[in-house]
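*Asks:* Sending over a structure as structure tokens; questions will come in a sec.
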Amino acid sequence: MGKLFEWSRFFENIPKILPYLTVTFSIVFYGTIFGVLLAVFIVLIQIKKIRVLYQISKVYVSFMRGTPMLVQLMLIYYGLPAIIDPLLGTSINRDWSAVVFAYVTFILNQGAFLSVIFYSAVTSIPYGQTEAGLSVGLTYYQTFIRIILPQMIRVALPPFGSDLVGLFQGSSLVFLIGVTDIMGRAKTIGSATKHVLEAYVFDVIIYIIISLAVRLLFWYLNKRLDYTNGRRTGGKEGTPWIST
Amino acid sequence: MKKKNYVAAVSLLTILSVAALAGCGKKEAASESKGRKIVVGTGNSYEPYCYLDDKGNLAGYEYEVLKAVDDLLPQYEFEYKTSDFANVLISLDAGKIDLAAHQYEWNKERDEKYLFGKEPYTTYVTYITVAENHPDIKSLDDLKGKKVKSSAGSNTSYILETYNKEHQDNPIKIEYVNNSTDEETITGLLNGVWDATVMTKRDADKLNKNYGKTALKVTGDPVQTSSTYFVFSKKDTELQEAVDGALKQLKKEGKLKQLSIDVIGGDYTESE
């Protein structure tokens, strides 16, 4: 087995691991895009307090936030087909590959987490602003789009950024249901070559770069969307490494 | 008017997501098969039986044997699905796969739930394995109160758990470690994280060879002498008989032996 860590093996691993970054990115991509849509849907239910759906959404969000991601992944992978297949006469159990179940899990999970972020962002805008909008003759919809939404995005942005960083890390769980992402590839390189440390170190570097990039992006967005030019308390300029 | 907008938005969202998911599913189901599609479930980190090669493709003894079996059975078409060891049999339960291949030894607990092939394709003789410089441990009795590495869902765990049921006063401490790499196993045993583990002689030899010098040794009599079989779901006798027939033919032609020598590095198909 020789030395525990060798740079030559580290560089050999790079081309083996890098292609699997697309798997990680696609999970984050689907999880975020459809997660946002689901979150908007949940927030609508909660703000409008639509009966029955409101209670269901509360239980749903609490369940998703209160249980480990791993459990959710297993439940969706094994449990979802057991419910849906007999109900709809489909056979997603066999037809969907493991990665599709991973997408579904991350969409459902992100929907819940993002809904909380969005909900608190919407409610952080004082109701007086809505009243002001309505009083000058804007419709409810116009008030929301022109007055509430721009401010809300600004409030939601920082937690959305850290959620995204967490999502990248969470995606490493999918290896357990047989989806090979960069983490899974590191494991399999380990079992094939008996040297796993170099692959892990490379993964760590990838995750750090992603995390820094996401935080930098959100720091930049945060600054761009600062309509008040730093006059408001929340909007003071900070360094990208601390503030987001 | 307001309400209408919401209803429209909500239904649009629902349709969008359903359509997107259905789209994802279709891509996977599109491939047309010539025979009945059999999904084979196997592991992804047990070299040289089932692991991913340089390019990330499934490789190993299980795969080679199954490929040869598939060639003999025109009525079936095998498709491979890899996952963590502990999840392979669960996938069989859930109907995600039709055939499980991961050096499965027969045991009573498994036999109650699954259909075992009748035709073994490798022998599996396991020994207590300890670090080279470790004081002698000869049998399971010497392991009482000691920490033993095993993996959840394995036959070794089953044996140790059965042993513990009979020796509840001072049981063996089973440490379940799944998906561990060989490096982790060796380092853990040398550092005393675990006092022992249970493995086949060929696995111990493989670990020593990769470590560069003798670090581990197998001791005492075999803990268990058995063979490995493919595992099917209870109702799938037709598939089981077909696979068994193909295995018999491979044995007769000497092809299985050749695969064992090529991939594992010795003939482990009949005896050790």
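Note on naming: chains are A, B, ... as they come in the structure tokens, residues start from 1 per chain, ligands start from 1 in the order shown.
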Select all residues from chain B having any atom no more than 7 Å from an atom of chain A (counting only C-alpha atoms, ignoring ligands), output as a list in words.
*Replies:* Val10, Cys24, Gly25, Glu28, Ala29, Asn44, Ser45, Tyr46, Glu47, Tyr51, Leu52, Asp53, Asp54, Lys55, Thr82, Ser83, Asp84, Ala94, Lys96, Thr181, Asp182, Glu183, Asn210, Tyr211 and Gly212 of chain B
*Asks:* Write down as JSON, numbers by chain the residues belonging to stretch 46-179 of chain B that are assigned strand (DSSP E or B) by DSSP computed on the backbone.
*Replies:* {"B": [46, 50, 51, 52, 58, 59, 76, 77, 78, 79, 80, 81, 82, 99, 100, 101, 102, 103, 104, 105, 114, 115, 116, 122, 123, 124, 125, 126, 127, 128, 129, 130, 131, 147, 148, 149, 150, 173, 174, 175, 176]}
*Asks:* Take the residues from that selection and write them out as a CSV table (one decimal), in the first residue's frame, keeping N, CA and C atoms.
*Replies:*
chain,number,residue,atom,x,y,z
B,46,TYR,N,-16.5,-3.9,-3.8
B,46,TYR,CA,-15.9,-5.2,-3.3
B,46,TYR,C,-15.0,-5.7,-4.4
B,50,CYS,N,-17.1,-7.1,-7.4
B,50,CYS,CA,-17.9,-6.0,-8.0
B,50,CYS,C,-17.4,-4.7,-7.6
B,51,TYR,N,-16.9,-4.0,-8.6
B,51,TYR,CA,-16.3,-2.7,-8.3
B,51,TYR,C,-16.4,-1.9,-9.7
B,52,LEU,N,-16.1,-0.6,-9.6
B,52,LEU,CA,-16.1,0.2,-10.8
B,52,LEU,C,-14.6,0.4,-11.3
B,58,LEU,N,-18.9,-0.9,-14.4
B,58,LEU,CA,-18.9,-2.1,-13.5
B,58,LEU,C,-17.9,-3.2,-14.0
B,59,ALA,N,-17.2,-3.7,-13.1
B,59,ALA,CA,-16.2,-4.8,-13.4
B,59,ALA,C,-16.2,-5.8,-12.3
B,76,TYR,N,-33.3,-13.9,-22.0
B,76,TYR,CA,-33.2,-12.8,-21.0
B,76,TYR,C,-32.1,-11.8,-21.5
B,77,GLU,N,-32.3,-10.6,-21.0
B,77,GLU,CA,-31.3,-9.6,-21.2
B,77,GLU,C,-31.0,-8.9,-19.9
B,78,PHE,N,-29.7,-9.0,-19.5
B,78,PHE,CA,-29.3,-8.5,-18.2
B,78,PHE,C,-29.0,-7.0,-18.3
B,79,GLU,N,-29.4,-6.4,-17.2
B,79,GLU,CA,-29.0,-5.0,-17.1
B,79,GLU,C,-28.5,-4.8,-15.7
B,80,TYR,N,-27.5,-4.0,-15.5
B,80,TYR,CA,-26.8,-4.0,-14.2
B,80,TYR,C,-27.1,-2.7,-13.4
B,81,LYS,N,-27.3,-2.8,-12.1
B,81,LYS,CA,-27.6,-1.7,-11.2
B,81,LYS,C,-26.7,-1.9,-10.0
B,82,THR,N,-25.9,-0.9,-9.8
B,82,THR,CA,-25.0,-1.0,-8.6
B,82,THR,C,-25.5,-0.2,-7.5
B,99,LEU,N,-32.2,-10.0,-9.6
B,99,LEU,CA,-31.2,-11.0,-9.3
B,99,LEU,C,-30.1,-10.2,-8.5
B,100,ALA,N,-29.8,-10.7,-7.3
B,100,ALA,CA,-28.8,-10.1,-6.5
B,100,ALA,C,-27.5,-10.9,-6.5
B,101,ALA,N,-26.4,-10.2,-6.8
B,101,ALA,CA,-25.1,-10.9,-6.9
B,101,ALA,C,-24.0,-10.1,-6.1
B,102,HIS,N,-23.6,-10.7,-5.0
B,102,HIS,CA,-22.6,-10.0,-4.2
B,102,HIS,C,-22.0,-11.0,-3.2
B,103,GLN,N,-21.5,-12.1,-3.8
B,103,GLN,CA,-20.9,-13.2,-3.0
B,103,GLN,C,-21.8,-13.6,-1.8
B,104,TYR,N,-23.1,-13.8,-2.2
B,104,TYR,CA,-24.0,-14.2,-1.1
B,104,TYR,C,-23.9,-15.6,-0.7
B,105,GLU,N,-23.6,-15.8,0.6
B,105,GLU,CA,-23.6,-17.1,1.2
B,105,GLU,C,-25.0,-17.5,1.6
B,114,TYR,N,-35.6,-15.0,0.6
B,114,TYR,CA,-35.3,-15.0,-0.8
B,114,TYR,C,-35.2,-16.4,-1.4
B,115,LEU,N,-35.1,-16.5,-2.7
B,115,LEU,CA,-34.9,-17.7,-3.4
B,115,LEU,C,-33.4,-17.8,-3.7
B,116,PHE,N,-32.7,-18.9,-3.2
B,116,PHE,CA,-31.3,-19.0,-3.5
B,116,PHE,C,-31.2,-19.9,-4.7
B,122,THR,N,-18.9,-19.8,-6.3
B,122,THR,CA,-17.6,-19.6,-5.7
B,122,THR,C,-17.7,-20.2,-4.3
B,123,THR,N,-16.6,-20.7,-3.8
B,123,THR,CA,-16.6,-21.2,-2.4
B,123,THR,C,-16.4,-20.0,-1.6
B,124,TYR,N,-16.8,-20.1,-0.3
B,124,TYR,CA,-16.6,-18.9,0.6
B,124,TYR,C,-16.3,-19.5,2.0
B,125,VAL,N,-15.0,-19.5,2.3
B,125,VAL,CA,-14.6,-20.0,3.6
B,125,VAL,C,-14.0,-18.9,4.3
B,126,THR,N,-14.6,-18.5,5.4
B,126,THR,CA,-14.2,-17.3,6.2
B,126,THR,C,-13.4,-17.7,7.4
B,127,TYR,N,-12.5,-16.9,7.7
B,127,TYR,CA,-11.7,-17.1,8.9
B,127,TYR,C,-11.7,-15.8,9.8
B,128,ILE,N,-11.3,-16.0,11.0
B,128,ILE,CA,-11.1,-14.8,11.9
B,128,ILE,C,-9.8,-14.2,11.4
B,129,THR,N,-9.7,-12.9,11.1
B,129,THR,CA,-8.5,-12.3,10.6
B,129,THR,C,-8.1,-11.2,11.6
B,130,VAL,N,-6.8,-11.2,12.0
B,130,VAL,CA,-6.3,-10.3,13.0
B,130,VAL,C,-5.0,-9.6,12.5
B,131,ALA,N,-4.6,-8.6,13.1
B,131,ALA,CA,-3.3,-8.0,12.8
B,131,ALA,C,-2.2,-9.0,13.0
B,147,LYS,N,-13.8,-6.2,19.9
B,147,LYS,CA,-14.5,-5.5,18.9
B,147,LYS,C,-14.2,-6.1,17.5
B,148,VAL,N,-15.2,-6.5,16.8
B,148,VAL,CA,-15.0,-7.2,15.5
B,148,VAL,C,-15.7,-6.4,14.4
B,149,LYS,N,-15.0,-6.2,13.4
B,149,LYS,CA,-15.5,-5.4,12.3
B,149,LYS,C,-16.3,-6.3,11.4
B,150,SER,N,-17.5,-5.9,11.0
B,150,SER,CA,-18.3,-6.6,10.1
B,150,SER,C,-19.2,-5.6,9.3
B,173,LYS,N,-18.4,-7.8,20.5
B,173,LYS,CA,-18.9,-6.4,20.1
B,173,LYS,C,-18.8,-6.3,18.6
B,174,ILE,N,-19.9,-6.3,18.0
B,174,ILE,CA,-19.9,-6.2,16.5
B,174,ILE,C,-19.9,-4.8,16.1
B,175,GLU,N,-18.9,-4.4,15.3
B,175,GLU,CA,-18.9,-3.0,14.8
B,175,GLU,C,-19.3,-3.0,13.3
B,176,TYR,N,-20.5,-2.4,13.0
B,176,TYR,CA,-20.9,-2.5,11.6
B,176,TYR,C,-20.3,-1.4,10.8
*Asks:* Among stretch 168-250 of chain B, which residues carry a DSSP assignment of alpha helix (DSSP H), reported as a ChimeraX atom specification?
*Replies:* /B:182-191,201-211,237-250
*Asks:* What's the 12 Å shell around B:Asp244, counting only C-alpha atoms, without same-chain residues fewer than 2 positions away, as JSON, numbers by chain?
*Replies:* {"B": [65, 66, 69, 70, 72, 73, 116, 117, 118, 119, 120, 121, 229, 230, 231, 232, 237, 238, 239, 240, 241, 242, 246, 247, 248, 249, 250, 251]}
*Asks:* Could you turn the residues from that selection into a file that holds N, CA and C atoms, as an mmCIF file, in the first residue's frame?
*Replies:*
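selection_22.cif was written with the following content:
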data_model
loop_
_atom_site.group_PDB
_atom_site.id
_atom_site.type_symbol
_atom_site.label_atom_id
_atom_site.label_comp_id
_atom_site.auth_asym_id
_atom_site.auth_seq_id
_atom_site.Cartn_x
_atom_site.Cartn_y
_atom_site.Cartn_z
ATOM 1 N N VAL B 65 -19.085 -13.365 -14.645
ATOM 2 C CA VAL B 65 -19.874 -14.598 -14.610
ATOM 3 C C VAL B 65 -21.270 -14.341 -15.170
ATOM 4 N N LEU B 66 -21.869 -13.252 -14.732
ATOM 5 C CA LEU B 66 -23.227 -12.960 -15.184
ATOM 6 C C LEU B 66 -23.280 -12.674 -16.683
ATOM 7 N N VAL B 69 -23.296 -15.938 -18.271
ATOM 8 C CA VAL B 69 -24.615 -16.544 -18.093
ATOM 9 C C VAL B 69 -25.608 -15.933 -19.076
ATOM 10 N N ASP B 70 -25.542 -14.632 -19.196
ATOM 11 C CA ASP B 70 -26.447 -13.907 -20.099
ATOM 12 C C ASP B 70 -26.278 -14.387 -21.543
ATOM 13 N N LEU B 72 -25.582 -17.246 -22.519
ATOM 14 C CA LEU B 72 -26.184 -18.569 -22.696
ATOM 15 C C LEU B 72 -27.708 -18.528 -22.653
ATOM 16 N N LEU B 73 -28.255 -17.403 -22.225
ATOM 17 C CA LEU B 73 -29.706 -17.329 -22.059
ATOM 18 C C LEU B 73 -30.297 -16.274 -22.983
ATOM 19 N N PHE B 116 -32.750 -18.853 -3.202
ATOM 20 C CA PHE B 116 -31.330 -19.022 -3.515
ATOM 21 C C PHE B 116 -31.153 -19.900 -4.744
ATOM 22 N N GLY B 117 -30.146 -19.582 -5.546
ATOM 23 C CA GLY B 117 -29.795 -20.480 -6.633
ATOM 24 C C GLY B 117 -29.333 -21.793 -6.043
ATOM 25 N N LYS B 118 -29.405 -22.866 -6.825
ATOM 26 C CA LYS B 118 -28.968 -24.163 -6.309
ATOM 27 C C LYS B 118 -27.512 -24.424 -6.680
ATOM 28 N N GLU B 119 -27.011 -23.602 -7.586
ATOM 29 C CA GLU B 119 -25.697 -23.871 -8.147
ATOM 30 C C GLU B 119 -24.690 -22.838 -7.610
ATOM 31 N N PRO B 120 -23.767 -23.271 -6.734
ATOM 32 C CA PRO B 120 -22.786 -22.292 -6.225
ATOM 33 C C PRO B 120 -21.809 -21.892 -7.324
ATOM 34 N N TYR B 121 -21.290 -20.683 -7.257
ATOM 35 C CA TYR B 121 -20.310 -20.282 -8.270
ATOM 36 C C TYR B 121 -18.975 -19.861 -7.671
ATOM 37 N N TYR B 229 -23.977 -17.952 -3.825
ATOM 38 C CA TYR B 229 -25.036 -18.203 -4.802
ATOM 39 C C TYR B 229 -25.617 -16.885 -5.279
ATOM 40 N N PHE B 230 -26.245 -16.944 -6.430
ATOM 41 C CA PHE B 230 -27.051 -15.802 -6.843
ATOM 42 C C PHE B 230 -28.374 -15.873 -6.087
ATOM 43 N N VAL B 231 -28.938 -14.715 -5.810
ATOM 44 C CA VAL B 231 -30.162 -14.671 -5.022
ATOM 45 C C VAL B 231 -31.285 -14.066 -5.864
ATOM 46 N N PHE B 232 -32.462 -14.711 -5.787
ATOM 47 C CA PHE B 232 -33.608 -14.261 -6.578
ATOM 48 C C PHE B 232 -34.776 -13.966 -5.652
ATOM 49 N N THR B 237 -38.795 -18.652 -9.809
ATOM 50 C CA THR B 237 -38.101 -19.930 -9.976
ATOM 51 C C THR B 237 -37.635 -20.147 -11.410
ATOM 52 N N GLU B 238 -38.381 -19.611 -12.355
ATOM 53 C CA GLU B 238 -38.035 -19.803 -13.760
ATOM 54 C C GLU B 238 -36.652 -19.230 -14.053
ATOM 55 N N LEU B 239 -36.441 -17.991 -13.577
ATOM 56 C CA LEU B 239 -35.156 -17.338 -13.781
ATOM 57 C C LEU B 239 -34.052 -18.092 -13.039
ATOM 58 N N GLN B 240 -34.368 -18.514 -11.819
ATOM 59 C CA GLN B 240 -33.372 -19.220 -11.012
ATOM 60 C C GLN B 240 -32.918 -20.501 -11.709
ATOM 61 N N GLU B 241 -33.875 -21.262 -12.243
ATOM 62 C CA GLU B 241 -33.520 -22.515 -12.912
ATOM 63 C C GLU B 241 -32.701 -22.256 -14.161
ATOM 64 N N ALA B 242 -33.059 -21.211 -14.883
ATOM 65 C CA ALA B 242 -32.321 -20.882 -16.106
ATOM 66 C C ALA B 242 -30.884 -20.498 -15.779
ATOM 67 N N ALA B 246 -27.366 -22.440 -16.720
ATOM 68 C CA ALA B 246 -26.258 -21.787 -17.415
ATOM 69 C C ALA B 246 -24.965 -21.940 -16.620
ATOM 70 N N LEU B 247 -25.060 -21.809 -15.286
ATOM 71 C CA LEU B 247 -23.872 -21.963 -14.443
ATOM 72 C C LEU B 247 -23.299 -23.369 -14.583
ATOM 73 N N LYS B 248 -24.191 -24.369 -14.599
ATOM 74 C CA LYS B 248 -23.760 -25.770 -14.754
ATOM 75 C C LYS B 248 -22.969 -25.926 -16.043
ATOM 76 N N GLN B 249 -23.515 -25.330 -17.091
ATOM 77 C CA GLN B 249 -22.862 -25.441 -18.390
ATOM 78 C C GLN B 249 -21.485 -24.765 -18.368
ATOM 79 N N LEU B 250 -21.416 -23.604 -17.718
ATOM 80 C CA LEU B 250 -20.141 -22.886 -17.618
ATOM 81 C C LEU B 250 -19.115 -23.704 -16.854
ATOM 82 N N LYS B 251 -19.599 -24.404 -15.831
ATOM 83 C CA LYS B 251 -18.696 -25.251 -15.050
ATOM 84 C C LYS B 251 -18.172 -26.408 -15.905
#
*Asks:* As an exercise, work out the distance from atom CA of B:Leu189 to atom CA of A:Ile182 in Å and give it to one decimal place.
*Replies:*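 Pair atom CA of B:Leu189 / atom CA of A:Ile182 returns 27.9 Å.
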*Asks:* List every residue of stretch 105-157 of chain A that has an atom at most 10 Å from any atom of stretch 208-227 of chain A, and for each one report the closest atom pair and its distance in Å to one decimal, counting only C-alpha atoms, with rows sorted by chain and then by increasing residue number, as CSV.
*Replies:*
residue,atom,partner,partner_atom,distance
A:Pro150,CA,A:Leu225,CA,8.3
A:Gln151,CA,A:Tyr227,CA,8.7
A:Ile153,CA,A:Leu225,CA,8.5
A:Arg154,CA,A:Leu225,CA,6.4
A:Val155,CA,A:Asn222,CA,9.1
A:Ala156,CA,A:Asn222,CA,9.9
A:Leu157,CA,A:Asn222,CA,6.8
*Asks:* Distance atom CA of A:Tyr207-atom CA of B:Thr185, one decimal place?
*Replies:* 26.2 Å
*Asks:* Find the residue from B:Lys113, B:Val243, B:Asn164, B:Phe85 that sits nearest to B:Ala152; use only C-alpha atoms when measuring.
*Replies:* B:Phe85
*Asks:* When you count only C-alpha atoms, which of these residues is closest to A:Ala102: A:Ser171, A:Ser124, A:Thr32, A:Gln142?
*Replies:*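 Among the listed residues, the smallest separation from A:Ala102 belongs to A:Ser171.
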*Asks:* How far is it from atom CA of B:Asn191 to atom CA of B:Ile137, in Å with one decimal?
*Replies:*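 Result for atom CA of B:Asn191 versus atom CA of B:Ile137: 16.9 Å, one decimal.
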